[in-house]
Every structure is written in C-alpha cells, then in structure tokens.
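Accompanying notes for the structure given below.
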Amino acid sequence: MARITLNRPSAGNSLSMDLVACLRELFAGLAPREDVKVIVISGAGGRIFSAGHDLNEFHGNEDLEFLEQDFAGITALMQEVMAQPQIVIAKVEGVATAAGCELVAACDIALASTVSRFGVPGVNIGFWCHTPQVPLSRQVGRKEAMLMLATGKLYPAEHALRIGLVNSLHEPDQLDQAVEDLVTVIASKSAAVIRRGKRSFNRQNGLSVADAYRVVREEAMENIVAPEANEGIAAFLEKRDPVW
Amino acid sequence: MARITLNRPSAGNSLSMDLVACLRELFAGLAPREDVKVIVISGAGGRIFSAGHDLNEFHGNEDLEFLEQDFAGITALMQEVMAQPQIVIAKVEGVATAAGCELVAACDIALASTVSRFGVPGVNIGFWCHTPQVPLSRQVGRKEAMLMLATGKLYPAEHALRIGLVNSLHEPDQLDQAVEDLVTVIASKSAAVIRRGKRSFNRQNGLSVADAYRVVREEAMENIVAPEANEGIAAFLEKRDPVW
Amino acid sequence: MARITLNRPSAGNSLSMDLVACLRELFAGLAPREDVKVIVISGAGGRIFSAGHDLNEFHGNEDLEFLEQDFAGITALMQEVMAQPQIVIAKVEGVATAAGCELVAACDIALASTVSRFGVPGVNIGFWCHTPQVPLSRQVGRKEAMLMLATGKLYPAEHALRIGLVNSLHEPDQLDQAVEDLVTVIASKSAAVIRRGKRSFNRQNGLSVADAYRVVREEAMENIVAPEANEGIAAFLEKRDPVW
C-alpha cells in the first residue's frame with residue numbers, strides 16, 4: 001500500500017501547478033510497482049482534503065501558456081488516477097472543494113468523515129467548476145451535479161453519501177481505521193488480479209453493453225488461464241487460503 | 001428570475017399542443033435575456049404539476065400529421081429545457097405524470113413537496129411513456145425507470161427523492177420559500193458565468209471522459225480570462241463581495 | 001406470467017454451462033409468447049439465488065474452447081435477459097454472487113428479501129468478476145461497483161437497496177406476496193404495450209439524448225395509432241376499465 005498526502009495545509013492543500021506535477025510523478029512512479037495494490041490519498045492537517053486550484057496562481061495571471069498547462073496538468077491527473085493500475089482510495093477528513101472535490105470523484109473509492117463537506121464553488125468566484133463537473137456528473141447524475149455547480153454551496157457528508165459521491169461515512173476518530181480495514185481487505189488479494197481488474201473495469205466503462213461484453217470476455221479468458229485464477233480456484237475448492 | 005406556470009388547472013395542466021407551443025416560445029424568448037439567471041416552472045392550482053399530454057387531443061385522432069407535430073413539439077420542449085442557457089428549476093407541488101414527469105426529469109434541478117407524486121402511467125392506457133423514459137432513465141437508472149414504466153403506478157415524494165428524480169423535499173407550506181432561497185443563491189452569481197456553466201455542462205454531458213475533459217479545458221480557458229473570473233477571484237482574495 | 005427457477009440448490013444454483021444453455025432456451029422459448037408479460041426468475045431452495053459460474057467447471061480446465069463457450073453463453077444470457085420482450089423480475093431470497101449478482105443487475109426489476117446478500121467475490125479466488133461488472137457498474141455507478149469488485153465482500157440487502165442494485169426489500173415471508181402483487185399489476189396491462197415498451201426502452205437506452213428522442217418518437221407514433229392505445233385512452237376518458 002502507498003499513501004499520498006496533499007501536503008500544503010497552510011494553503012488548503014490546494015492543487016498548485018507544482019503539487020499537481022508532483023502528484024502525477026508519484027502516481028506514475030507507483031504505476032509499475034507490482035507490489036502496490038492500493039493507494040490512499042488524503043489531505044495533510046485533517047481539516048481540508050483539498051481546496052482545488054491555487055487561486056493565487058490564477059489571480060491577475062495573463063500568461064495563457066501557464067494557464068493552459070495548469071488545466072492540462074490537473075485534467076491529466078484526474079484521468080491518470082482513474083487509469084492508475086492500483087485501486088485509489090480517497091480518505092476525506094475535511095473539506096473537498098472544486099478540483100479537490102473533482103479528485104474525490106475521480107478516485108475509485110472514497111471514504112469520508114462525518115464532518116467532511118463537499119462543494120464545487122467556482123461559480124462564487126466567477127469561474128464555473130468546468131473540470132470538476134466531468135467526474136462529478138458521471139458519479140452523481142445531472143440533477144445533483146447541477147445543484148452543486150449552480151449554488152456553489154458546501155454540502156455536508158450525509159448529502160455526499162446520499163447522492164453517491166462517497167461510499168461511506170465514518171466518525172472522525174474512526175476514519176483511519178475504516179480506511180486501514182479496507183486497505184487490508186484489498187491487500188489480501190492477488191496484485192496481478194487487482195491490476196487486471198482495474199484495467200478490465202476501465203476498458204468496459206463507458207462502452208455500450210454489447211461492446212463492453214466483448215471486451216470483458218477477452219479479459220476473462222486471459223484471467224481464467226492465469227496462475228492466480230488456478231491457485232485461487234484450487235484453494236477455494238480445497239477450502240484453504242490461496243497463496244498468491 | 002423568471003417564472004413559467006403551466007396554467008391549465010382544469011385540465012390537469014396538461015401539455016396540449018397549444019401549451020407546448022406557448023412554453024417553447026416563452027423559453028425561446030427568455031434564452032437571450034442576459035439578466036435572467038433562473039427559470040422556475042410550476043403548475044397552476046397547486047394540486048397538479050402536469051398530467052402530461054392532453055389525452056383529448058389523442059382520442060380518436062387519426063390526423064397523423066397532428067400527432068407527429070405533437071410529439072415533435074413535446075420532445076423539442078424537453079431538449080430546449082436542457083439546453084436553455086439559464087438554470088431551470090421544477091417546483092413540484094402535486095402530481096407529475098407522463099410528460100409532466102418527463103418535464104421534471106428534464107429540468108436542471110427539481111424541488112418537490114412532501115405530498116407530491118410521480119408516475120409514468122402511459123402503460124395503463126395502452127400507450128407506453130416512450131418519450132418520458134428518455135430523461136427519466138438517464139436520471140434514475142434502468143431498474144427504477146423500468147419499475148415506474150411497467151407498473152404505471154404513482155410513487156410518493158420519498159420514492160422520487162430516494163431514486164434521484166428530485167433533489168429535495170419540502171413541507172407543502174415551505175416549498176415556495178425553499179425555491180425562493182435557492183433562486184436567491186443562484187441569482188447572486190454572475191449571469192455570464194451561469195450561462196457559461198450551463199453550456200459547459202451540456203457540452204461535456206454524455207461524452208467519454210477523455211472527450212469531456214477536452215471540451216471543458218476549452219471552456220475553462222475562456223472563462224478564466226473573462227472579466228467575471230478576474231473580479232470574482234480578486235474579490236475572494238481581497239475578502240470582499242464580488243461586483244458582477 | 002412465467003417462472004424460471006435456477007434449480008441446482010446443492011450446487012448453489014450455480015450457472016453451469018448446461019444450466020445457462022437451458023436458461024437461454026427457456027428465455028428464447030418464451031420470447032414469442034404474446035400471452036406472457038412477465039418472467040420471474042428465482043433460485044431454488046430459498047437460501048441462494050445463484051453463486052455464479054460453477055467453479056468445478058473451471059478448475060484445472062485447459063480446454064480453451066470450453067471456456068470460451070462458457071463465457072460466450074453467460075454473456076449472451078445476460079444480454080438476452082435485457083433484450084427479452086417481457087419484463088424480467090429477479091426475486092432474490094438469498095445470496096447472489098458473481099454471475100448470480102450479474103443476473104440480478106441484468107434483470108429489469110429486482111425485489112429482494114431483507115436477508116439477501118450480494119457480492120462479486122471473484123477477486124477472492126484470483127478471477128476478477130469481469131462480466132458482472134458490465135451490468136453492475138451501469139446500475140450502481142463506478143464507485144460502488146469498484147468497492148464491491150475490489151473487496152469481494154458480501155454486502156447486505158440494505159446496501160444493495162441504497163446503491164440501487166435492487167428496487168425494494170421485503171421481509172422473507174412477504175417477498176413472495178410482493179412479487180405476486182407486482183406481477184399482478186404488470187399483468188393487468190396490454191401484452192402488446194409491454195412488448196412495445198420494453199423494445200422502446202432498449203432502443204433508446206445508451207443513446208445520446210437527441211438520438212434517443214428520435215427513436216422514441218418513432219415508437220410513440222407506432223403506439224399511438226395501435227388498437228391498444230385507442231382502447232386504453234377511450235376507456236380512460238369514459239372512466240371504465242380497458243379491455244385488451
């Protein structure tokens with residue numbers, strides 16, 4: 001398991017150009033690591049997951065090339081999180097807004113504290129949350145995304161759970177344990193199968209049902225003749241633990 | 001803010017050919033209005049939002065051209081509501097059925113009374129709710145849409161909230177205030193940003209994640225160099241209210 | 001109404017190659033039956049809906065052609081359930097795992113016991129639930145599908161309801177009655193309209209909103225001039241029961 005911490009607590013763990021570059025390097029470095037099955041991403045300091053872009057980098061900035069690169073970097077990060085060969089879990093202790101909320105939506109799984117809050121408040125500062133709406137609307141649907149986008153309000157954890165933005169809520173002092181428990185469960189699986197699974201999921205995602213089934217049949221055939229399936233099925237039938 | 005009232009209470013606020021034409025004109029007239037940020041649509045009389053098509057226009061009607069135009073009009077209306085440059089809010093006090101339920105599903109946001117009810121009962125009269133299923137199934141998913149479509153039953157407000165057909169429920173005597181509060185929040189934003197946002201949302205909606213991100217990067221670049229973002233971000237950093 | 005029972009209780013009602021072939025024949029045989037409006041599928045014995053593939057057929061099997069045919073058969077079954085001209089209801093009394101859970105997700109409607117449980121545990125035996133993720137992720141969204149797929153855990157009925165994998169929960173001794181009540185409601189409709197409706201739903205499903213509306217306008221025009229609509233609308237306006 002690997003941990004990635006958004007570590008700019010004095011700046012709301014905001015996703016500055018440098019931090020995004022650093023995150024992308026970290027994810028890229030972890031991608032080939034066969035021993036890593038799970039990556040947990042969280043915000044330093046406990047009160048803020050991430051406040052999104054660093055507005056200081058936007059204000060008065062007329063360097064169009066910088067701005068282009070900034071959006072290119074952050075949208076690449078989100079797509080790389082989705083494509084990451086490992087399972088990426090967001091641990092959300094506090095506030096996740098704008099591109100911070102986008103990152104939660106982009107992760108495979110999200111566990112959140114009961115005191116966490118979520119919003120896409122770009123509209124409040126004259127800058128609609130254009131990129132956050134991509135994973136957000138795909139996760140929570142059009143109506144709930146539009147409500148969040150058009151009001152710019154912060155919504156409580158219970159709201160995020162109800163609309164499906166996070167998988168589960170935990171008391172603040174139990175969130176760490178809940179994430180550890182989840183990591184332990186996933187880490188008990190075969191690393192090769194997790195990688196196959198994530199790839200298989202991504203390949204079928206967004207396709208028509210017929211095309212999706214064509215793709216997963218290929219993946220299933222590759223998987224069923226792999227040593228992990230052989231060992232796993234044997235262990236199951238012999239009522240013993242598999243040895244990956 | 002603009003209000004549109006479905007005003008045929010003696011006929012269940014049903015969407016006759018004339019009313020649909022009238023609604024389309026109203027929406028088209030409001031579209032270029034830069035000062036209008038929100039449109040609230042509701043049913044006159046308080047007991048019925050809309051009962052859908054006017055069945056009197058269908059019964060015994062063998063004028064195929066009329067029927068073609070009727071479906072053309074109503075499906076154009078729904079798509080125009082989605083494409084409307086403003087945020088369109090459905091205020092649902094009572095019953096919303098068939099194309100009335102479709103209209104709720106087509107709106108950007110829907111607030112409903114706790115005594116409201118929802119259904120797609122075409123199957124009861126031998127005429128499946130073909131067009132309502134388009135926004136309905138995209139909003140609530142296949143299983144919940146099929147249950148409503150195949151049973152033709154009226155479902156209570158709580159059901160509609162649980163499956164995501166409406167954003168929130170309010171006591172009948174508090175629905176007006178809840179809608180006003182929401183309108184006030186959205187109306188405090190920059191009109192230009194609301195328009196950009198709605199367009200940006202619609203452009204990315206339904207695309208693959210990669211295509212969606214390409215589109216929203218364009219929108220983000222246009223928005224970040226616009227005067228609204230400049231003012232909004234400055235105001236935020238200077239801890240003052242923005243002046244749009 | 002027709003009932004199909006997965007009848008291998010001693011083998012967890014698992015979907016062996018033979019059972020899948022048998023199910024496909026049953027569905028194909030029912031498809032042209034104009035008198036059948038609803039098909040209820042359940043597991044024999046009451047404790048297990050279906051445990052998915054029969055692992056005994058996988059273990060040590062190096063017959064690639066058999067494995068290819070096995071996946072081809074099971075993925076064809078799921079798509080045929082979706083395309084079936086009748087409404088297919090899953091009655092889930094107990095455990096539904098792997099391709100058993102996939103079958104629940106593929107059905108049009110699912111009613112489940114409060115003691116039912118759901119999982120896609122392939123990852124536990126080194127064989128990711130590749131094919132189940134197709135209908136599962138389309139029904140419950142990416143985050144909830146990934147949680148189930150990556151943990152391989154069994155989730156309780158309440159979880160399945162919350163994420164939208166089933167339509168409703170019922171006490172074990174009331175599930176039969178709930179299914180009968182639902183069947184009675186759907187069986188009171190015109191068979192021709194149910195067939196039109198299911199076809200119409202499937203044709204528009206997965207299309208862009210604009211394409212979907214084009215398709216359903218065709219379907220609506222065909223339906224509105226059909227005798228069932230004529231009779232149904234007449235009965236409604238005359239305040240009498242329709243005679244299909």
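FYI, nothing fancy with the structure tokens labels: chains A, B, ... in order, residues from 1 per chain, ligands from 1 as they appear.
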
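The list of residues with at least one atom within 12 Å of Asp35 of chain B, based on only C-alpha atoms and without residues fewer than 6 positions apart in the same chain, reads B:Met1, B:Ala2, B:Pro85, B:Gln86, B:Ala187, B:Ser188, B:Lys189, B:Ser190, B:Ala191, B:Ala192, B:Val193, B:Ile194, B:Arg195, B:Trp244.
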
Residues from the last selection, C-alpha atoms, saved as a PDB file, in the first residue's frame:
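Saved as out23.pdb:
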```pdb
ATOM      1  CA  MET B   1     -35.563  35.308 -12.332  1.00  0.00           C
ATOM      2  CA  ALA B   2     -38.480  34.254 -14.500  1.00  0.00           C
ATOM      3  CA  PRO B  85     -28.901  28.987 -21.085  1.00  0.00           C
ATOM      4  CA  GLN B  86     -30.459  29.551 -17.667  1.00  0.00           C
ATOM      5  CA  ALA B 187     -29.231  34.832  -8.617  1.00  0.00           C
ATOM      6  CA  SER B 188     -26.289  36.117  -6.571  1.00  0.00           C
ATOM      7  CA  LYS B 189     -23.871  34.670  -9.134  1.00  0.00           C
ATOM      8  CA  SER B 190     -22.662  36.290 -12.327  1.00  0.00           C
ATOM      9  CA  ALA B 191     -25.186  35.838 -15.134  1.00  0.00           C
ATOM     10  CA  ALA B 192     -22.377  35.355 -17.624  1.00  0.00           C
ATOM     11  CA  VAL B 193     -20.874  32.563 -15.535  1.00  0.00           C
ATOM     12  CA  ILE B 194     -24.210  30.782 -15.152  1.00  0.00           C
ATOM     13  CA  ARG B 195     -24.585  30.847 -18.936  1.00  0.00           C
ATOM     14  CA  TRP B 244     -20.659  41.417 -11.274  1.00  0.00           C
TER      15      TRP B 244
END
```

Would you write out, as a tab-separated table, a table of all residues in chain B that have an atom no more than 7 Å from an atom of chain A, listing for each the closest atom pair and the distance in Å to one decimal, considering only C-alpha atoms and ordering rows by chain and rising residue number?
```
residue	atom	partner	partner_atom	distance
B:Asp108	CA	A:Lys143	CA	5.5
B:Ile109	CA	A:Lys143	CA	5.3
B:Gln139	CA	A:Gly141	CA	6.4
B:Asn167	CA	A:Glu144	CA	6.5
B:Val185	CA	A:Thr151	CA	6.0
B:Ile186	CA	A:Thr151	CA	5.4
B:Lys189	CA	A:Asn124	CA	6.2
B:Ser190	CA	A:Gly126	CA	6.4
B:Val193	CA	A:Gly126	CA	5.9
B:Gly197	CA	A:Trp128	CA	5.6
B:Ser200	CA	A:His130	CA	6.7
B:Ser208	CA	A:Gly206	CA	6.6
B:Val209	CA	A:Val134	CA	6.9
B:Ala212	CA	A:Val134	CA	6.5
B:Tyr213	CA	A:Thr131	CA	6.6
B:Val216	CA	A:His130	CA	5.5
B:Arg217	CA	A:Phe71	CA	6.4
B:Glu219	CA	A:His130	CA	6.9
B:Ala220	CA	A:His130	CA	5.8
B:Met221	CA	A:Glu68	CA	6.9
B:Asn223	CA	A:Phe127	CA	6.2
B:Ile224	CA	A:Phe127	CA	6.4
B:Glu228	CA	A:Gly126	CA	4.8
B:Ala229	CA	A:Gly126	CA	4.2
B:Asn230	CA	A:His59	CA	6.8
B:Gly232	CA	A:Ile125	CA	3.9
B:Ile233	CA	A:Ile125	CA	5.2
B:Ala234	CA	A:His59	CA	6.6
B:Phe236	CA	A:Ile125	CA	6.6
```

Taking C-alpha atoms for each residue, export the selection above as an mmCIF file, in the first residue's frame.
```cif
data_model
loop_
_atom_site.group_PDB
_atom_site.id
_atom_site.type_symbol
_atom_site.label_atom_id
_atom_site.label_comp_id
_atom_site.auth_asym_id
_atom_site.auth_seq_id
_atom_site.Cartn_x
_atom_site.Cartn_y
_atom_site.Cartn_z
ATOM 1 C CA ASP B 108 -31.763 21.037 -14.171
ATOM 2 C CA ILE B 109 -32.954 20.934 -10.574
ATOM 3 C CA GLN B 139 -31.770 10.438 -14.229
ATOM 4 C CA ASN B 167 -33.181 16.993 -5.418
ATOM 5 C CA VAL B 185 -28.479 31.849 -4.079
ATOM 6 C CA ILE B 186 -28.188 31.259 -7.813
ATOM 7 C CA LYS B 189 -23.871 34.670 -9.134
ATOM 8 C CA SER B 190 -22.662 36.290 -12.327
ATOM 9 C CA VAL B 193 -20.874 32.563 -15.535
ATOM 10 C CA GLY B 197 -21.572 26.926 -16.875
ATOM 11 C CA SER B 200 -20.109 23.823 -20.475
ATOM 12 C CA SER B 208 -16.463 9.927 -22.931
ATOM 13 C CA VAL B 209 -14.328 11.131 -20.027
ATOM 14 C CA ALA B 212 -15.407 15.640 -21.918
ATOM 15 C CA TYR B 213 -12.107 16.823 -20.471
ATOM 16 C CA VAL B 216 -14.125 21.601 -20.509
ATOM 17 C CA ARG B 217 -10.499 22.660 -20.862
ATOM 18 C CA GLU B 219 -14.431 26.271 -21.552
ATOM 19 C CA ALA B 220 -12.143 26.774 -18.561
ATOM 20 C CA MET B 221 -9.631 28.748 -20.633
ATOM 21 C CA ASN B 223 -13.767 31.526 -18.503
ATOM 22 C CA ILE B 224 -10.510 32.159 -16.663
ATOM 23 C CA GLU B 228 -16.132 37.774 -14.190
ATOM 24 C CA ALA B 229 -13.344 35.430 -13.125
ATOM 25 C CA ASN B 230 -10.934 38.306 -12.737
ATOM 26 C CA GLY B 232 -14.520 37.054 -8.624
ATOM 27 C CA ILE B 233 -11.035 35.825 -7.798
ATOM 28 C CA ALA B 234 -9.866 39.331 -6.826
ATOM 29 C CA PHE B 236 -12.200 36.354 -2.963
#
```

Over every C-alpha pair, in sequence order, do a least-squares fit of chain B onto chain C and save the fitted chain as a tab-separated table (two decimals) with C-alpha atoms, in the first residue's frame.
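Output (superposed38.tsv):
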```tsv
chain	number	residue	atom	x	y	z
B	1	MET	CA	-46.64	-14.96	-16.27
B	2	ALA	CA	-43.78	-17.43	-16.43
B	3	ARG	CA	-41.44	-18.57	-13.69
B	4	ILE	CA	-37.87	-19.67	-14.21
B	5	THR	CA	-36.14	-21.34	-11.31
B	6	LEU	CA	-32.40	-21.78	-11.06
B	7	ASN	CA	-32.67	-25.33	-9.84
B	8	ARG	CA	-29.33	-26.63	-8.68
B	9	PRO	CA	-29.66	-25.94	-4.95
B	10	SER	CA	-27.00	-28.48	-3.96
B	11	ALA	CA	-24.54	-26.57	-6.20
B	12	GLY	CA	-25.53	-23.06	-5.10
B	13	ASN	CA	-27.79	-22.75	-8.14
B	14	SER	CA	-24.56	-22.09	-9.97
B	15	LEU	CA	-24.68	-21.25	-13.65
B	16	SER	CA	-23.09	-24.32	-15.17
B	17	MET	CA	-22.69	-24.46	-18.92
B	18	ASP	CA	-25.71	-26.77	-19.06
B	19	LEU	CA	-27.90	-24.57	-16.87
B	20	VAL	CA	-27.01	-21.50	-18.93
B	21	ALA	CA	-27.90	-23.34	-22.14
B	22	CYS	CA	-31.16	-24.42	-20.54
B	23	LEU	CA	-31.97	-20.88	-19.37
B	24	ARG	CA	-31.25	-19.46	-22.80
B	25	GLU	CA	-33.62	-22.00	-24.33
B	26	LEU	CA	-36.31	-21.12	-21.82
B	27	PHE	CA	-36.00	-17.39	-22.48
B	28	ALA	CA	-35.91	-17.97	-26.25
B	29	GLY	CA	-39.00	-20.16	-26.00
B	30	LEU	CA	-40.85	-17.52	-24.01
B	31	ALA	CA	-39.83	-14.63	-26.27
B	32	PRO	CA	-42.53	-15.11	-28.93
B	33	ARG	CA	-45.22	-15.92	-26.33
B	34	GLU	CA	-47.61	-12.96	-26.66
B	35	ASP	CA	-49.56	-14.11	-23.61
B	36	VAL	CA	-46.56	-13.86	-21.29
B	37	LYS	CA	-45.96	-10.36	-19.96
B	38	VAL	CA	-43.69	-11.05	-17.02
B	39	ILE	CA	-40.98	-13.58	-16.23
B	40	VAL	CA	-39.92	-14.11	-12.63
B	41	ILE	CA	-36.53	-15.68	-12.07
B	42	SER	CA	-35.52	-17.06	-8.68
B	43	GLY	CA	-33.26	-19.62	-7.05
B	44	ALA	CA	-34.45	-22.97	-5.79
B	45	GLY	CA	-34.17	-23.71	-2.09
B	46	GLY	CA	-34.54	-20.17	-0.86
B	47	ARG	CA	-31.06	-19.67	0.59
B	48	ILE	CA	-29.15	-18.89	-2.59
B	49	PHE	CA	-30.29	-17.02	-5.69
B	50	SER	CA	-27.18	-18.05	-7.59
B	51	ALA	CA	-23.48	-18.35	-6.77
B	52	GLY	CA	-22.45	-17.58	-10.35
B	53	HIS	CA	-20.28	-19.82	-12.50
B	54	ASP	CA	-19.79	-23.42	-11.46
B	55	LEU	CA	-16.16	-23.34	-10.31
B	56	ASN	CA	-15.85	-27.09	-10.76
B	57	GLU	CA	-16.08	-26.44	-14.48
B	58	PHE	CA	-13.19	-23.98	-14.31
B	59	HIS	CA	-10.79	-25.83	-12.04
B	60	GLY	CA	-7.89	-27.31	-13.93
B	61	ASN	CA	-9.77	-26.92	-17.15
B	62	GLU	CA	-7.37	-26.27	-20.01
B	63	ASP	CA	-9.98	-26.69	-22.70
B	64	LEU	CA	-9.89	-23.15	-24.06
B	65	GLU	CA	-12.77	-23.78	-26.37
B	66	PHE	CA	-14.96	-24.88	-23.48
B	67	LEU	CA	-14.02	-21.77	-21.50
B	68	GLU	CA	-14.69	-19.52	-24.49
B	69	GLN	CA	-18.09	-21.09	-24.93
B	70	ASP	CA	-18.81	-20.78	-21.23
B	71	PHE	CA	-18.19	-17.02	-21.20
B	72	ALA	CA	-19.97	-16.65	-24.54
B	73	GLY	CA	-23.01	-18.41	-23.14
B	74	ILE	CA	-23.22	-16.49	-19.91
B	75	THR	CA	-22.71	-13.07	-21.50
B	76	ALA	CA	-25.28	-13.94	-24.18
B	77	LEU	CA	-27.74	-14.92	-21.43
B	78	MET	CA	-27.36	-11.56	-19.70
B	79	GLN	CA	-27.91	-9.62	-22.91
B	80	GLU	CA	-30.87	-11.81	-23.83
B	81	VAL	CA	-32.46	-11.11	-20.44
B	82	MET	CA	-32.13	-7.38	-21.14
B	83	ALA	CA	-33.50	-7.82	-24.68
B	84	GLN	CA	-36.28	-10.22	-23.64
B	85	PRO	CA	-39.63	-8.82	-24.88
B	86	GLN	CA	-41.16	-9.41	-21.46
B	87	ILE	CA	-40.45	-7.70	-18.14
B	88	VAL	CA	-37.94	-9.87	-16.26
B	89	ILE	CA	-38.09	-9.68	-12.48
B	90	ALA	CA	-35.41	-11.13	-10.21
B	91	LYS	CA	-36.80	-12.49	-6.94
B	92	VAL	CA	-33.78	-12.65	-4.65
B	93	GLU	CA	-34.35	-14.65	-1.49
B	94	GLY	CA	-30.76	-15.30	-0.50
B	95	VAL	CA	-27.22	-14.85	-1.73
B	96	ALA	CA	-26.47	-13.57	-5.23
B	97	THR	CA	-22.80	-13.60	-6.10
B	98	ALA	CA	-20.59	-13.21	-9.16
B	99	ALA	CA	-22.60	-14.07	-12.28
B	100	GLY	CA	-25.56	-14.54	-9.90
B	101	CYS	CA	-25.24	-10.89	-8.92
B	102	GLU	CA	-24.74	-10.07	-12.60
B	103	LEU	CA	-28.06	-11.71	-13.40
B	104	VAL	CA	-29.80	-9.60	-10.75
B	105	ALA	CA	-28.22	-6.50	-12.27
B	106	ALA	CA	-29.27	-7.58	-15.78
B	107	CYS	CA	-32.95	-8.06	-14.88
B	108	ASP	CA	-35.40	-5.24	-15.48
B	109	ILE	CA	-36.59	-5.15	-11.88
B	110	ALA	CA	-35.28	-6.85	-8.73
B	111	LEU	CA	-37.16	-7.50	-5.50
B	112	ALA	CA	-35.13	-8.90	-2.64
B	113	SER	CA	-35.53	-10.31	0.80
B	114	THR	CA	-34.22	-8.31	3.75
B	115	VAL	CA	-31.81	-11.19	4.42
B	116	SER	CA	-30.46	-11.36	0.89
B	117	ARG	CA	-26.80	-10.58	0.26
B	118	PHE	CA	-24.86	-9.51	-2.79
B	119	GLY	CA	-21.26	-9.71	-3.89
B	120	VAL	CA	-18.85	-10.03	-6.78
B	121	PRO	CA	-16.19	-12.11	-4.99
B	122	GLY	CA	-14.16	-13.28	-7.98
B	123	VAL	CA	-11.18	-11.30	-6.74
B	124	ASN	CA	-11.05	-13.66	-3.72
B	125	ILE	CA	-10.30	-16.62	-5.98
B	126	GLY	CA	-7.93	-14.87	-8.36
B	127	PHE	CA	-10.56	-14.33	-11.01
B	128	TRP	CA	-11.93	-10.78	-11.14
B	129	CYS	CA	-15.66	-10.55	-11.83
B	130	HIS	CA	-15.10	-9.31	-15.36
B	131	THR	CA	-18.51	-9.92	-16.83
B	132	PRO	CA	-20.59	-9.00	-13.74
B	133	GLN	CA	-19.10	-5.52	-13.75
B	134	VAL	CA	-20.87	-4.72	-17.04
B	135	PRO	CA	-24.47	-4.56	-15.77
B	136	LEU	CA	-23.36	-3.88	-12.18
B	137	SER	CA	-21.41	-0.70	-12.92
B	138	ARG	CA	-24.16	0.53	-15.25
B	139	GLN	CA	-26.70	0.03	-12.48
B	140	VAL	CA	-24.84	1.31	-9.37
B	141	GLY	CA	-22.13	3.59	-10.75
B	142	ARG	CA	-18.36	3.39	-10.74
B	143	LYS	CA	-17.54	3.90	-7.04
B	144	GLU	CA	-19.99	1.38	-5.65
B	145	ALA	CA	-19.08	-1.17	-8.31
B	146	MET	CA	-15.36	-0.74	-7.60
B	147	LEU	CA	-15.87	-1.20	-3.86
B	148	MET	CA	-17.74	-4.46	-4.40
B	149	LEU	CA	-15.30	-5.69	-7.05
B	150	ALA	CA	-12.10	-4.85	-5.17
B	151	THR	CA	-13.17	-6.14	-1.76
B	152	GLY	CA	-15.04	-9.24	-2.96
B	153	LYS	CA	-17.19	-8.89	0.16
B	154	LEU	CA	-20.80	-9.86	0.61
B	155	TYR	CA	-22.97	-6.79	1.14
B	156	PRO	CA	-26.31	-6.89	2.96
B	157	ALA	CA	-29.68	-6.21	1.38
B	158	GLU	CA	-29.83	-2.66	2.75
B	159	HIS	CA	-26.60	-1.84	0.97
B	160	ALA	CA	-27.95	-3.21	-2.30
B	161	LEU	CA	-31.07	-1.09	-1.94
B	162	ARG	CA	-29.13	2.07	-1.10
B	163	ILE	CA	-26.87	1.79	-4.12
B	164	GLY	CA	-29.74	0.89	-6.46
B	165	LEU	CA	-28.88	-2.73	-7.23
B	166	VAL	CA	-32.41	-3.80	-6.21
B	167	ASN	CA	-35.70	-1.91	-6.32
B	168	SER	CA	-37.12	-2.86	-2.94
B	169	LEU	CA	-36.67	-5.08	0.10
B	170	HIS	CA	-39.28	-7.29	1.75
B	171	GLU	CA	-39.40	-9.46	4.87
B	172	PRO	CA	-38.55	-13.05	3.90
B	173	ASP	CA	-42.12	-14.23	4.51
B	174	GLN	CA	-43.53	-11.35	2.45
B	175	LEU	CA	-41.28	-11.47	-0.60
B	176	ASP	CA	-43.44	-13.96	-2.50
B	177	GLN	CA	-46.50	-11.80	-1.99
B	178	ALA	CA	-44.66	-8.65	-3.02
B	179	VAL	CA	-43.55	-10.30	-6.25
B	180	GLU	CA	-47.08	-11.64	-6.89
B	181	ASP	CA	-48.51	-8.16	-6.33
B	182	LEU	CA	-46.05	-6.66	-8.77
B	183	VAL	CA	-46.74	-9.37	-11.34
B	184	THR	CA	-50.49	-8.80	-10.98
B	185	VAL	CA	-50.05	-5.10	-11.65
B	186	ILE	CA	-47.93	-5.62	-14.74
B	187	ALA	CA	-50.12	-8.49	-15.96
B	188	SER	CA	-53.12	-6.14	-15.98
B	189	LYS	CA	-51.55	-4.16	-18.83
B	190	SER	CA	-51.80	-4.88	-22.53
B	191	ALA	CA	-49.26	-7.51	-23.59
B	192	ALA	CA	-48.65	-5.68	-26.84
B	193	VAL	CA	-47.85	-2.46	-24.98
B	194	ILE	CA	-45.45	-4.20	-22.60
B	195	ARG	CA	-43.61	-5.60	-25.62
B	196	ARG	CA	-43.54	-2.24	-27.36
B	197	GLY	CA	-42.39	-0.60	-24.16
B	198	LYS	CA	-39.54	-2.96	-23.47
B	199	ARG	CA	-38.35	-2.64	-27.07
B	200	SER	CA	-38.66	1.14	-26.97
B	201	PHE	CA	-36.74	1.32	-23.68
B	202	ASN	CA	-33.94	-0.82	-25.03
B	203	ARG	CA	-33.69	1.04	-28.32
B	204	GLN	CA	-33.19	4.40	-26.58
B	205	ASN	CA	-31.00	3.10	-23.78
B	206	GLY	CA	-27.38	4.18	-24.07
B	207	LEU	CA	-28.00	6.64	-26.92
B	208	SER	CA	-27.39	10.37	-26.72
B	209	VAL	CA	-30.45	12.34	-25.63
B	210	ALA	CA	-31.03	13.63	-29.17
B	211	ASP	CA	-30.75	10.18	-30.75
B	212	ALA	CA	-32.89	8.67	-28.01
B	213	TYR	CA	-35.64	11.19	-28.66
B	214	ARG	CA	-35.55	10.43	-32.39
B	215	VAL	CA	-36.05	6.73	-31.66
B	216	VAL	CA	-38.85	7.14	-29.13
B	217	ARG	CA	-40.77	9.48	-31.41
B	218	GLU	CA	-40.96	6.65	-33.93
B	219	GLU	CA	-42.08	4.26	-31.21
B	220	ALA	CA	-44.65	6.73	-29.91
B	221	MET	CA	-46.15	7.21	-33.37
B	222	GLU	CA	-46.45	3.47	-33.89
B	223	ASN	CA	-48.02	3.04	-30.47
B	224	ILE	CA	-50.49	5.91	-30.62
B	225	VAL	CA	-52.21	4.54	-33.73
B	226	ALA	CA	-52.28	0.97	-32.36
B	227	PRO	CA	-55.60	-0.52	-31.16
B	228	GLU	CA	-54.34	-0.80	-27.55
B	229	ALA	CA	-53.86	2.96	-27.28
B	230	ASN	CA	-57.21	3.60	-28.90
B	231	GLU	CA	-58.97	1.32	-26.42
B	232	GLY	CA	-56.90	2.45	-23.43
B	233	ILE	CA	-57.45	6.15	-24.00
B	234	ALA	CA	-61.17	5.63	-24.74
B	235	ALA	CA	-61.56	3.63	-21.54
B	236	PHE	CA	-59.75	6.30	-19.56
B	237	LEU	CA	-61.88	9.13	-20.92
B	238	GLU	CA	-65.03	7.05	-20.42
B	239	LYS	CA	-63.92	6.17	-16.87
B	240	ARG	CA	-64.12	2.43	-17.45
B	241	ASP	CA	-61.61	-0.42	-17.41
B	242	PRO	CA	-59.88	-1.10	-20.73
B	243	VAL	CA	-60.41	-4.40	-22.47
B	244	TRP	CA	-57.15	-5.50	-24.05
```

Name the residues of segment 12-227 of chain B that come out as alpha helix (DSSP H) in a backbone DSSP run; write them as an MDAnalysis selection string.
chainID B and resid 17:30 55:58 64:83 99:106 133:140 142:151 157:163 175:187 191:204 209:224 227

DSSP on the backbone: which residues in segment 72-157 of chain A end up as strand (DSSP E or B)? Give the answer as a list in words.
Ile87, Val88, Ile89, Ala90, Lys91, Val92, Val95, Ala96, Thr97, Ile109, Ala110, Leu111, Ala112, Ser113, Arg117, Phe118, Gly119, Tyr155 and Pro156 of chain A
